[in-house]
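**Q** Got work_24.txt for you, compact mmCIF, C-alpha atoms and all ligand atoms:
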```txt
# COMPACT_ATOMS: atom_id res chain seq x y z
CA MET A 1 0.70 -6.29 -7.53
CA SER A 2 -0.85 -5.69 -4.08
CA ARG A 3 -0.08 -2.54 -2.07
CA VAL A 4 1.47 -4.65 0.70
CA CYS A 5 3.91 -6.19 -1.84
CA ILE A 6 4.85 -2.80 -3.30
CA GLY A 7 5.42 -1.46 0.23
CA ILE A 8 7.63 -4.43 1.08
CA TYR A 9 9.64 -4.13 -2.15
CA LEU A 10 10.30 -0.44 -1.39
CA PHE A 11 11.17 -1.27 2.22
CA ASN A 12 13.63 -3.94 1.01
CA LEU A 13 15.20 -1.46 -1.41
CA ALA A 14 15.79 0.97 1.47
CA LEU A 15 17.22 -1.92 3.53
CA MET A 16 19.63 -2.85 0.73
CA LEU A 17 20.88 0.74 0.56
CA ARG A 18 21.45 0.67 4.33
CA ILE A 19 23.22 -2.69 4.12
CA CYS A 20 25.59 -1.27 1.49
CA SER A 21 26.36 1.86 3.51
CA ASP A 22 26.60 0.27 7.01
CA SER A 23 30.06 -0.81 8.10
CA ASP A 24 29.05 -2.96 11.12
CA PRO A 25 28.93 -6.66 10.07
CA GLU A 26 26.36 -7.55 12.80
CA THR A 27 23.99 -4.81 11.68
CA LYS A 28 24.48 -5.92 8.05
CA ARG A 29 23.56 -9.50 9.02
CA ASP A 30 20.45 -8.40 10.97
CA LEU A 31 19.28 -6.21 8.07
CA LEU A 32 19.84 -9.04 5.60
CA LEU A 33 17.72 -11.33 7.80
CA VAL A 34 14.88 -8.79 7.78
CA ALA A 35 15.12 -8.46 3.97
CA HIS A 36 15.05 -12.25 3.65
CA LYS A 37 11.92 -12.49 5.85
CA ASN A 38 10.25 -9.85 3.70
CA VAL A 39 10.74 -12.02 0.62
CA HIS A 40 8.78 -14.75 2.47
CA ILE A 41 5.95 -12.30 3.10
CA ILE A 42 5.82 -11.42 -0.60
CA HIS A 43 5.46 -15.14 -1.42
CA MET A 44 2.68 -15.43 1.15
CA VAL A 45 0.85 -12.38 -0.27
CA LYS A 46 1.09 -13.87 -3.77
CA HIS A 47 -0.33 -17.14 -2.46
CA LEU A 48 -3.26 -15.33 -0.84
CA ASN A 49 -4.23 -13.96 -4.23
CA GLU A 50 -4.26 -17.39 -5.84
CA HIS A 51 -7.42 -19.46 -6.33
CA LEU A 52 -8.51 -22.80 -4.89
CA SER A 53 -10.85 -25.35 -6.38
CA PRO A 54 -13.85 -26.29 -4.15
CA LYS A 55 -12.17 -29.70 -3.70
CA ALA A 56 -8.91 -28.16 -2.40
CA LEU A 57 -10.84 -26.03 0.10
CA ALA A 58 -12.94 -29.03 1.13
CA ASP A 59 -9.73 -31.00 1.80
CA ALA A 60 -8.21 -28.08 3.72
CA ILE A 61 -11.09 -28.01 6.21
CA GLY A 62 -12.08 -31.68 6.13
CA VAL A 63 -15.59 -31.39 4.67
CA GLY A 64 -17.17 -32.76 1.52
CA GLU A 65 -16.88 -30.87 -1.75
CA SER A 66 -20.66 -30.69 -1.92
CA SER A 67 -20.72 -28.61 1.31
CA ILE A 68 -18.39 -26.07 -0.28
CA LYS A 69 -20.57 -25.87 -3.39
CA ARG A 70 -23.67 -25.44 -1.22
CA TRP A 71 -22.06 -22.65 0.85
CA ALA A 72 -20.93 -20.99 -2.36
CA ASP A 73 -24.36 -21.24 -3.98
CA SER A 74 -26.00 -19.74 -0.89
CA GLY A 75 -23.56 -16.81 -1.02
CA LYS A 76 -21.61 -17.67 2.15
CA ILE A 77 -18.39 -18.01 0.14
CA LYS A 78 -17.70 -15.65 -2.74
CA LEU A 79 -16.83 -17.47 -5.95
CA THR A 80 -15.15 -16.65 -9.19
CA ARG A 81 -15.31 -18.79 -12.31
CA THR A 82 -12.58 -19.85 -14.70
CA SER A 83 -13.06 -19.15 -18.40
CA GLY A 84 -14.27 -22.76 -18.64
CA GLY A 85 -16.95 -22.08 -15.97
CA HIS A 86 -15.28 -23.95 -13.09
CA ARG A 87 -15.80 -22.63 -9.55
CA ARG A 88 -12.76 -21.04 -7.88
CA ILE A 89 -12.26 -19.44 -4.44
CA LEU A 90 -9.64 -16.80 -3.65
CA VAL A 91 -7.39 -18.06 -0.81
CA LYS A 92 -8.00 -14.80 1.09
CA GLU A 93 -11.77 -15.31 0.77
CA ALA A 94 -11.41 -18.91 1.98
CA ILE A 95 -9.58 -17.68 5.10
CA ARG A 96 -12.29 -15.06 5.75
CA PHE A 97 -14.99 -17.72 5.48
CA ILE A 98 -13.15 -20.18 7.76
CA ARG A 99 -12.73 -17.48 10.45
CA GLU A 100 -16.33 -16.31 10.28
CA ALA A 101 -17.80 -19.81 10.21
CA GLY A 102 -15.53 -20.96 13.07
CA LEU A 103 -14.23 -23.93 11.04
CA GLU A 104 -10.98 -25.75 11.71
CA VAL A 105 -8.13 -26.01 9.20
CA ILE A 106 -6.82 -29.55 8.75
CA GLN A 107 -4.51 -29.15 5.74
CA HIS A 108 -2.77 -25.82 6.34
CA ALA A 109 -0.52 -26.12 3.28
CA HIS A 110 -3.55 -25.92 0.94
CA LEU A 111 -4.08 -22.36 2.16
CA GLY A 112 -0.38 -21.46 2.24
CA LEU A 113 -0.52 -21.41 6.05
CA ILE A 114 1.99 -22.90 8.44
CA MET A 115 1.08 -26.20 10.09
CA PRO A 116 0.91 -25.53 13.87
CA ARG A 117 3.44 -27.54 15.85
CA LYS A 118 2.26 -29.71 18.72
CA GLU A 119 4.15 -27.71 21.34
CA LEU A 120 2.01 -24.66 20.51
CA SER A 121 -1.13 -26.18 21.95
CA PRO A 122 -0.31 -26.45 25.69
CA GLU A 123 -2.23 -24.33 28.14
CA LEU A 124 0.45 -21.61 28.36
CA PRO A 125 -0.97 -18.13 27.78
CA ILE A 126 -0.44 -16.99 24.22
CA GLU A 127 1.45 -13.84 25.26
CA LEU A 128 4.08 -15.96 27.03
CA LEU A 129 4.55 -18.17 23.97
CA LEU A 130 4.77 -15.07 21.80
CA GLN A 131 7.21 -13.38 24.17
CA GLU A 132 9.49 -16.42 24.10
CA ALA A 133 9.33 -16.74 20.32
CA LEU A 134 10.11 -13.01 19.96
CA VAL A 135 13.08 -13.15 22.32
CA GLN A 136 14.41 -16.30 20.62
CA GLY A 137 13.96 -14.68 17.21
CA GLU A 138 11.73 -17.52 15.94
CA GLN A 139 9.83 -15.87 13.12
CA GLU A 140 8.08 -19.03 11.97
CA LYS A 141 6.79 -19.79 15.46
CA ILE A 142 5.56 -16.19 15.83
CA ASN A 143 3.69 -16.47 12.52
CA GLN A 144 2.20 -19.81 13.55
CA LEU A 145 0.93 -18.47 16.86
CA VAL A 146 -0.57 -15.40 15.29
CA GLU A 147 -2.11 -17.26 12.35
CA ALA A 148 -3.62 -19.84 14.70
CA ILE A 149 -5.50 -17.27 16.79
CA HIS A 150 -6.45 -15.29 13.71
CA LEU A 151 -8.03 -18.40 12.20
CA LYS A 152 -9.86 -18.96 15.48
CA GLY A 153 -11.58 -15.64 14.88
CA TRP A 154 -9.50 -13.13 16.90
CA SER A 155 -9.73 -9.71 15.26
CA LEU A 156 -6.65 -7.72 14.29
CA GLY A 157 -7.34 -5.34 17.18
CA GLU A 158 -7.60 -8.17 19.68
CA ILE A 159 -4.32 -9.72 18.50
CA CYS A 160 -2.49 -6.38 18.71
CA ASP A 161 -3.92 -5.27 22.08
CA GLY A 162 -3.65 -8.73 23.60
CA PRO A 163 -0.65 -10.96 22.90
CA PHE A 164 1.52 -8.43 21.06
CA ALA A 165 1.14 -5.50 23.47
CA ALA A 166 1.52 -7.83 26.49
CA ALA A 167 4.56 -9.69 25.12
CA LEU A 168 6.32 -6.45 24.17
CA ALA A 169 5.53 -4.86 27.53
CA ARG A 170 7.18 -7.84 29.24
CA ILE A 171 10.15 -7.65 26.86
CA GLY A 172 10.48 -3.92 27.63
CA ARG A 173 10.81 -4.76 31.34
CA MET A 174 13.29 -7.62 30.90
CA TRP A 175 16.45 -5.61 30.28
CA LEU A 176 15.78 -2.40 32.21
CA ASP A 177 19.21 -2.76 33.86
CA ASP A 178 21.09 -3.52 30.62
CA SER A 179 20.09 -0.83 28.19
CA GLU A 180 22.43 -1.85 25.33
CA ARG A 181 21.13 -5.43 25.27
CA GLY A 182 17.58 -4.14 25.84
CA ILE A 183 17.68 -1.82 22.83
CA LEU A 184 19.12 -4.60 20.66
CA ILE A 185 16.35 -7.01 21.68
CA GLU A 186 13.63 -4.35 21.31
CA HIS A 187 14.73 -3.49 17.78
CA ARG A 188 14.91 -7.16 16.83
CA CYS A 189 11.53 -8.01 18.39
CA THR A 190 9.98 -5.01 16.64
CA ALA A 191 11.25 -6.28 13.26
CA LEU A 192 9.88 -9.78 13.98
CA ALA A 193 6.51 -8.39 15.06
CA ILE A 194 6.36 -6.18 11.95
CA SER A 195 6.79 -9.25 9.70
CA ALA A 196 4.01 -11.11 11.53
CA ILE A 197 1.61 -8.15 11.40
CA GLU A 198 2.38 -7.63 7.69
CA ARG A 199 1.35 -11.26 7.07
CA LEU A 200 -1.91 -10.74 8.93
CA ARG A 201 -2.40 -7.51 7.08
CA SER A 202 -2.05 -9.22 3.72
CA MET A 203 -4.69 -11.77 4.77
CA ASN A 204 -7.19 -8.98 5.41
CA GLU A 205 -6.15 -6.50 2.72
CA MET A 206 -8.93 -5.44 0.38
CA THR A 207 -8.61 -4.53 -3.26
CA ASP A 208 -11.67 -2.27 -3.45
CA ALA A 209 -10.45 0.95 -5.06
CA ALA A 210 -13.64 2.73 -3.92
CA ALA A 211 -12.98 2.02 -0.22
CA PRO A 212 -12.49 5.11 1.97
CA ILE A 213 -8.91 6.13 2.70
CA ALA A 214 -7.31 6.24 6.15
CA LEU A 215 -3.94 7.90 6.60
CA GLY A 216 -1.75 8.04 9.66
CA GLY A 217 1.52 7.62 11.47
CA ALA A 218 3.43 8.48 14.63
CA LEU A 219 4.47 12.07 15.41
CA SER A 220 7.90 13.68 14.93
CA GLY A 221 10.42 12.35 17.43
CA ASP A 222 8.39 9.20 18.03
CA GLN A 223 10.37 6.19 16.76
CA SER A 224 7.66 3.57 17.38
CA GLN A 225 6.84 1.68 14.21
CA LEU A 226 4.50 -1.00 15.50
CA PRO A 227 1.52 0.98 16.82
CA SER A 228 1.07 2.84 13.53
CA LEU A 229 1.39 -0.37 11.50
CA MET A 230 -1.14 -2.02 13.82
CA ALA A 231 -3.57 0.88 13.36
CA ALA A 232 -3.17 0.55 9.56
CA ALA A 233 -3.75 -3.21 9.66
CA THR A 234 -6.79 -2.83 11.95
CA LEU A 235 -8.33 -0.15 9.72
CA GLU A 236 -7.69 -2.24 6.60
CA ALA A 237 -9.56 -5.14 8.17
CA GLN A 238 -12.39 -2.63 8.78
CA GLY A 239 -12.60 -1.86 5.07
CA PHE A 240 -10.27 1.12 4.64
CA GLN A 241 -7.46 1.60 2.13
CA THR A 242 -4.58 2.82 4.25
CA ILE A 243 -1.55 5.02 3.84
CA ASN A 244 0.84 4.41 6.72
CA LEU A 245 3.32 7.28 7.02
CA GLY A 246 5.17 5.33 9.73
CA ALA A 247 7.23 6.61 12.64
CA ASN A 248 8.62 10.12 13.13
CA THR A 249 6.19 11.99 10.87
CA PRO A 250 5.79 15.80 11.19
CA ILE A 251 2.23 17.11 11.38
CA SER A 252 2.98 19.17 8.24
CA THR A 253 3.34 15.82 6.40
CA PHE A 254 -0.04 14.66 7.77
CA MET A 255 -1.48 17.96 6.45
CA ALA A 256 0.08 17.38 3.02
CA GLY A 257 -1.36 13.84 3.02
CA VAL A 258 -4.82 15.17 3.89
CA GLU A 259 -4.67 17.63 0.98
CA LEU A 260 -3.48 15.00 -1.48
CA HIS A 261 -5.58 11.99 -0.49
CA SER A 262 -8.68 13.40 1.28
CA PRO A 263 -8.75 10.59 3.88
CA ALA A 264 -11.96 9.85 5.75
CA ARG A 265 -9.93 8.80 8.79
CA ILE A 266 -6.59 10.06 10.12
CA TRP A 267 -4.87 8.11 12.89
CA ILE A 268 -2.08 9.52 15.03
CA SER A 269 -0.06 7.28 17.31
CA ILE A 270 1.51 9.19 20.21
CA ASN A 271 4.01 7.13 22.16
CA HIS A 272 6.81 9.60 22.84
CA LEU A 273 6.43 13.38 23.05
CA GLU A 274 9.33 15.75 22.40
CA ASN A 275 7.29 18.91 22.92
CA ALA A 276 3.78 18.31 24.26
CA ARG A 277 2.59 21.92 23.79
CA GLU A 278 3.68 22.03 20.17
CA ALA A 279 2.19 18.59 19.48
CA LYS A 280 -1.13 19.61 21.05
CA ARG A 281 -1.37 22.77 18.97
CA ALA A 282 -0.43 20.96 15.76
CA ILE A 283 -3.03 18.22 16.34
CA GLN A 284 -5.69 20.85 17.12
CA ASP A 285 -4.83 22.60 13.81
CA LEU A 286 -5.10 19.30 11.95
CA VAL A 287 -8.47 18.46 13.55
CA TYR A 288 -9.73 21.96 12.71
CA SER A 289 -8.60 21.68 9.08
CA VAL A 290 -10.32 18.31 8.50
CA ARG A 291 -13.56 19.22 10.35
CA THR A 292 -15.22 20.80 7.33
CA LYS A 293 -14.26 17.80 5.17
CA GLY A 294 -16.21 15.42 7.41
CA ALA A 295 -13.05 13.42 8.19
CA ARG A 296 -12.30 12.08 11.66
CA VAL A 297 -9.02 12.04 13.54
CA VAL A 298 -8.31 9.09 15.86
CA ILE A 299 -5.48 9.45 18.36
CA GLY A 300 -4.02 6.81 20.64
CA GLY A 301 -0.78 5.69 22.24
CA ARG A 302 0.74 5.72 25.71
CA SER A 303 1.50 9.47 25.71
CA CYS A 304 -1.73 10.60 24.09
CA ARG A 305 -3.53 11.48 27.36
CA GLU A 306 -0.65 13.81 28.32
CA LEU A 307 -1.91 16.21 25.65
CA LYS A 308 -5.24 16.66 27.48
CA LEU A 309 -7.07 17.08 24.20
CA LYS A 310 -10.86 17.11 24.31
CA ALA A 311 -12.71 14.57 22.21
CA ASP A 312 -15.43 15.87 19.91
CA ARG A 313 -17.20 14.68 16.76
CA SER A 314 -14.00 15.14 14.71
CA LEU A 315 -11.57 13.81 17.32
CA PHE A 316 -11.79 10.36 18.84
CA ILE A 317 -9.37 9.47 21.66
CA ALA A 318 -8.72 5.73 21.74
CA ASN A 319 -7.03 3.47 24.25
CA SER A 320 -6.49 0.52 22.00
CA MET A 321 -6.72 -0.95 18.51
CA SER A 322 -9.97 -2.65 19.52
CA ASP A 323 -11.34 0.86 20.15
CA ILE A 324 -10.74 1.62 16.45
CA GLU A 325 -12.85 -1.43 15.60
CA SER A 326 -15.69 -0.41 17.96
CA PHE A 327 -15.52 3.20 16.74
CA THR A 328 -15.75 2.17 13.07
CA MET A 329 -18.55 -0.31 13.74
CA GLY A 330 -20.42 2.30 15.84
CA LEU A 331 -20.18 4.89 13.05
CA ARG A 332 -21.38 2.34 10.51
CA ALA A 333 -24.39 1.45 12.67
CA LEU A 334 -25.16 5.16 13.08
CA ASN A 335 -24.94 5.81 9.33
CA THR A 336 -27.19 2.84 8.58
CA ALA A 337 -29.77 4.00 11.15
CA GLN A 338 -29.86 7.55 9.69
C1 LIG A 401 10.16 -1.56 21.11
C2 LIG A 401 10.35 -0.42 22.09
C3 LIG A 401 11.25 0.60 21.73
C4 LIG A 401 11.97 0.60 20.39
C5 LIG A 401 11.02 1.02 19.25
C6 LIG A 401 11.48 0.35 17.97
C7 LIG A 401 10.70 0.85 16.79
N1 LIG A 401 11.42 1.35 15.81
O1 LIG A 401 9.49 0.79 16.77
C8 LIG A 401 13.11 1.63 20.67
C9 LIG A 401 14.36 0.84 21.08
C10 LIG A 401 13.46 2.57 19.53
C11 LIG A 401 12.57 2.38 21.89
C12 LIG A 401 13.02 3.60 22.25
C13 LIG A 401 12.60 4.27 23.40
N2 LIG A 401 11.79 3.79 24.36
CO1 LIG A 401 10.80 2.14 24.16
N3 LIG A 401 9.85 0.54 24.21
C14 LIG A 401 9.68 -0.38 23.32
C15 LIG A 401 8.72 -1.47 23.88
C16 LIG A 401 9.53 -2.67 24.32
C17 LIG A 401 7.64 -1.93 22.90
C18 LIG A 401 6.84 -0.78 22.27
C19 LIG A 401 5.84 -1.31 21.28
O2 LIG A 401 6.04 -1.28 20.08
N4 LIG A 401 4.75 -1.87 21.82
C20 LIG A 401 3.67 -2.42 21.00
C21 LIG A 401 2.55 -1.45 20.97
C22 LIG A 401 1.62 -1.79 19.89
O3 LIG A 401 1.88 -1.52 22.21
P1 LIG A 401 1.64 -0.20 23.07
O4 LIG A 401 2.80 0.69 22.93
O5 LIG A 401 1.24 -0.63 24.41
O6 LIG A 401 0.42 0.49 22.28
C23 LIG A 401 -0.93 0.13 22.54
C24 LIG A 401 -1.80 1.33 22.90
O7 LIG A 401 -1.05 2.41 23.37
C25 LIG A 401 -2.57 1.63 21.66
N5 LIG A 401 -2.09 2.55 20.67
C26 LIG A 401 -0.83 2.94 20.39
N6 LIG A 401 -0.83 3.81 19.37
C27 LIG A 401 -2.10 3.96 18.97
C28 LIG A 401 -2.63 4.71 17.93
C29 LIG A 401 -4.01 4.66 17.71
C30 LIG A 401 -4.59 5.48 16.60
C31 LIG A 401 -4.83 3.85 18.53
C32 LIG A 401 -6.27 3.80 18.29
C33 LIG A 401 -4.28 3.10 19.56
C34 LIG A 401 -2.92 3.16 19.79
O8 LIG A 401 -2.71 0.36 21.03
C35 LIG A 401 -1.51 -0.38 21.22
C36 LIG A 401 -1.85 -1.87 21.25
O9 LIG A 401 -2.71 -2.15 22.31
C37 LIG A 401 8.06 -0.69 25.07
C38 LIG A 401 7.56 -1.60 26.18
C39 LIG A 401 6.02 -1.54 26.25
N7 LIG A 401 5.50 -1.55 27.44
O10 LIG A 401 5.33 -1.46 25.28
C40 LIG A 401 9.17 0.30 25.46
C41 LIG A 401 8.76 1.63 26.06
C42 LIG A 401 7.56 2.17 25.35
N8 LIG A 401 9.90 2.50 25.78
C43 LIG A 401 10.14 3.36 26.70
C44 LIG A 401 11.15 4.35 26.64
C45 LIG A 401 11.40 5.14 27.92
C46 LIG A 401 11.86 4.59 25.47
C47 LIG A 401 12.90 5.69 25.23
C48 LIG A 401 12.47 7.07 25.75
C49 LIG A 401 14.22 5.19 25.84
C50 LIG A 401 15.34 6.23 25.77
N9 LIG A 401 15.71 6.71 26.94
O11 LIG A 401 15.80 6.57 24.73
C51 LIG A 401 13.06 5.67 23.69
C52 LIG A 401 12.11 6.67 23.00
C53 LIG A 401 12.41 6.68 21.52
C54 LIG A 401 11.53 7.62 20.75
N10 LIG A 401 12.01 8.84 20.52
O12 LIG A 401 10.45 7.28 20.34
C55 LIG A 401 9.20 3.17 27.89
C56 LIG A 401 8.13 4.27 27.95
C57 LIG A 401 7.85 4.72 29.36
C58 LIG A 401 6.66 5.67 29.32
N11 LIG A 401 6.90 6.91 28.98
O13 LIG A 401 5.59 5.26 29.56
C59 LIG A 401 8.65 1.72 27.64
C60 LIG A 401 7.23 1.48 28.17
C61 LIG A 401 9.66 0.73 28.28
C62 LIG A 401 9.65 0.80 29.78
N12 LIG A 401 9.09 -0.17 30.45
O14 LIG A 401 10.15 1.71 30.38
N13 LIG A 401 11.59 1.67 22.51
```
Using structure tokens, write down the structure from this file.
**A**
Amino acid sequence: MSRVCIGIYLFNLALMLRICSDSDPETKRDLLLVAHKNVHIIHMVKHLNEHLSPKALADAIGVGESSIKRWADSGKIKLTRTSGGHRRILVKEAIRFIREAGLEVIQHAHLGLIMPRKELSPELPIELLLQEALVQGEQEKINQLVEAIHLKGWSLGEICDGPFAAALARIGRMWLDDSERGILIEHRCTALAISAIERLRSMNEMTDAAAPIALGGALSGDQSQLPSLMAAATLEAQGFQTINLGANTPISTFMAGVELHSPARIWISINHLENAREAKRAIQDLVYSVRTKGARVVIGGRSCRELKLKADRSLFIANSMSDIESFTMGLRALNTAQ
């Protein structure tokens, strides 16, 4: 079973415990909805690990079967073979190929994707469409929008920094004068966005047990879930196995994680600071302790500059998820050149 599925099963278990202990019927209903959406993600993840015949992929993208066989034989698409010797393509691999080759999907259902609705194609900026779908609670529309731009070749970082960050920033400004309603909407939108990012994450997740580990989360007192999940998803798409410790994580837990898992990369998302001096000292200690291990710490988030930390070869200060992508690609280029 994939790591994303295990994570979602555990998350659903925690949700069920909360549903049983919570007395408010509205909260119970909202939590049940989230659990229900998670079951959909598990189905999607399972589908991504299924195999397609060359004919099914050819139909999905409207080309001849012989083109698929040619691309496979020239190594552009990775193939597996059935015990009878027939060619098969992992759905996840098919999606990677379609994105990289800039091909268009015609039969979305063949790939387990959602067929885009007509109203999603007008010239409205994607962040406005996403904002509306988030506010209206339309999970399927959110997934469609995100899947569509992902298939067009947008990277995880670009999707997070662009439409998601912009839509949520607008949503954050919408109810500044009605904090109760605002908090309700923000929590709900966060849950919807988490589901959509988890789907994207499962499309890019790797199964290479030898891949380097990245571990991270948001600091104690910081409730933000999305930025850390986005960092995990972005790093996974860059070839890391990730351990997302989530929101509200003490630095001592990061330290324990470093000891246990020896990550090559540690990300810290800093969006809300309870005690800036303490946080600065703790991060400096963490950077110092990983320096000799050759690991690198990447920090980001709206409050990260308040710490006035100095970047060095063990500490990278990022502004965005796309920065993680550039940083990883830059390091790779450097290592190859050496
Ligand atoms: C959802 C939300 C909440 C939810 C969070 C739900 C959850 N469990 O995750 C709840 C309701 C809990 C909440 C609470 C609060 N919130 Co709030 N919240 C938001 C909202 C609407 C979206 C935040 C979000 O997830 N954005 C999506 C992320 C991905 O985008 P981003 O934050 O811009 O992050 C980008 C970069 O910073 C960077 N990045 C971030 N982390 C990292 C890490 C790494 C390693 C890297 C490389 C990059 C990186 O990449 C991201 C993508 O581009 C924002 C509005 C906004 N402008 O974003 C307000 C906002 C952040 N909240 C705000 C405030 C004031 C609060 C509270 C203090 C309110 C209060 N008085 O209690 C509390 C703080 C709670 C706490 N202790 O953490 C303010 C912050 C103002 C400021 N200081 O700048 C904002 C901007 C709203 C506003 N307009 O005033 N909030």
**Q** Have a look at A:Leu229, A:Ala148, A:Met255, A:Ala295 and name the one nearest to Ser269 of chain A; count all atoms listed in the file.
**A**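 Between A:Leu229, A:Ala148, A:Met255, A:Ala295, the residue approaching Ser269 of chain A most closely is A:Leu229.
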**Q** Select, from A:Leu15, A:Leu226, A:Ala109, A:Leu130, the residue with the minimum atom-to-atom distance to Thr27 of chain A, counting all atoms listed in the file.
**A**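 Smallest separation from Thr27 of chain A among the options: A:Leu15.
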**Q** Neighbouring residues of ligand LIG 401 (chain A) are defined here as those with any atom at most 8 Å from a ligand atom, counting only C-alpha atoms and all ligand atoms; list them as a VMD selection string.
**A** chain A and resid 157 160 to 162 164 to 166 168 to 173 176 182 to 184 186 to 187 189 to 191 216 218 221 to 228 230 to 231 247 to 248 267 to 274 298 to 303 317 to 324
**Q** I'd like the neighbourhood of Glu147 of chain A as a PyMOL selection string, where a residue qualifies if any of its atoms comes within 10 Å (using all atoms listed in the file), though same-chain residues fewer than 5 positions away should be ignored.
**A** chain A and resi 113-116+141-142+152-154+159+196-197+199-200+203
**Q** Given all atoms listed in the file as the basis, pick out the residue of A:Val258, A:Leu235, A:Ala94, A:Leu309 nearest to Ile61 of chain A.
**A**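 Between A:Val258, A:Leu235, A:Ala94, A:Leu309, the residue approaching Ile61 of chain A most closely is A:Ala94.
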**Q** Restricting the calculation to all atoms listed in the file, which member of A:Ser262, A:Leu219, A:Lys92, A:Leu307 is positioned closest to Thr292 of chain A?
**A**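 Smallest distance to Thr292 of chain A is found for A:Ser262.
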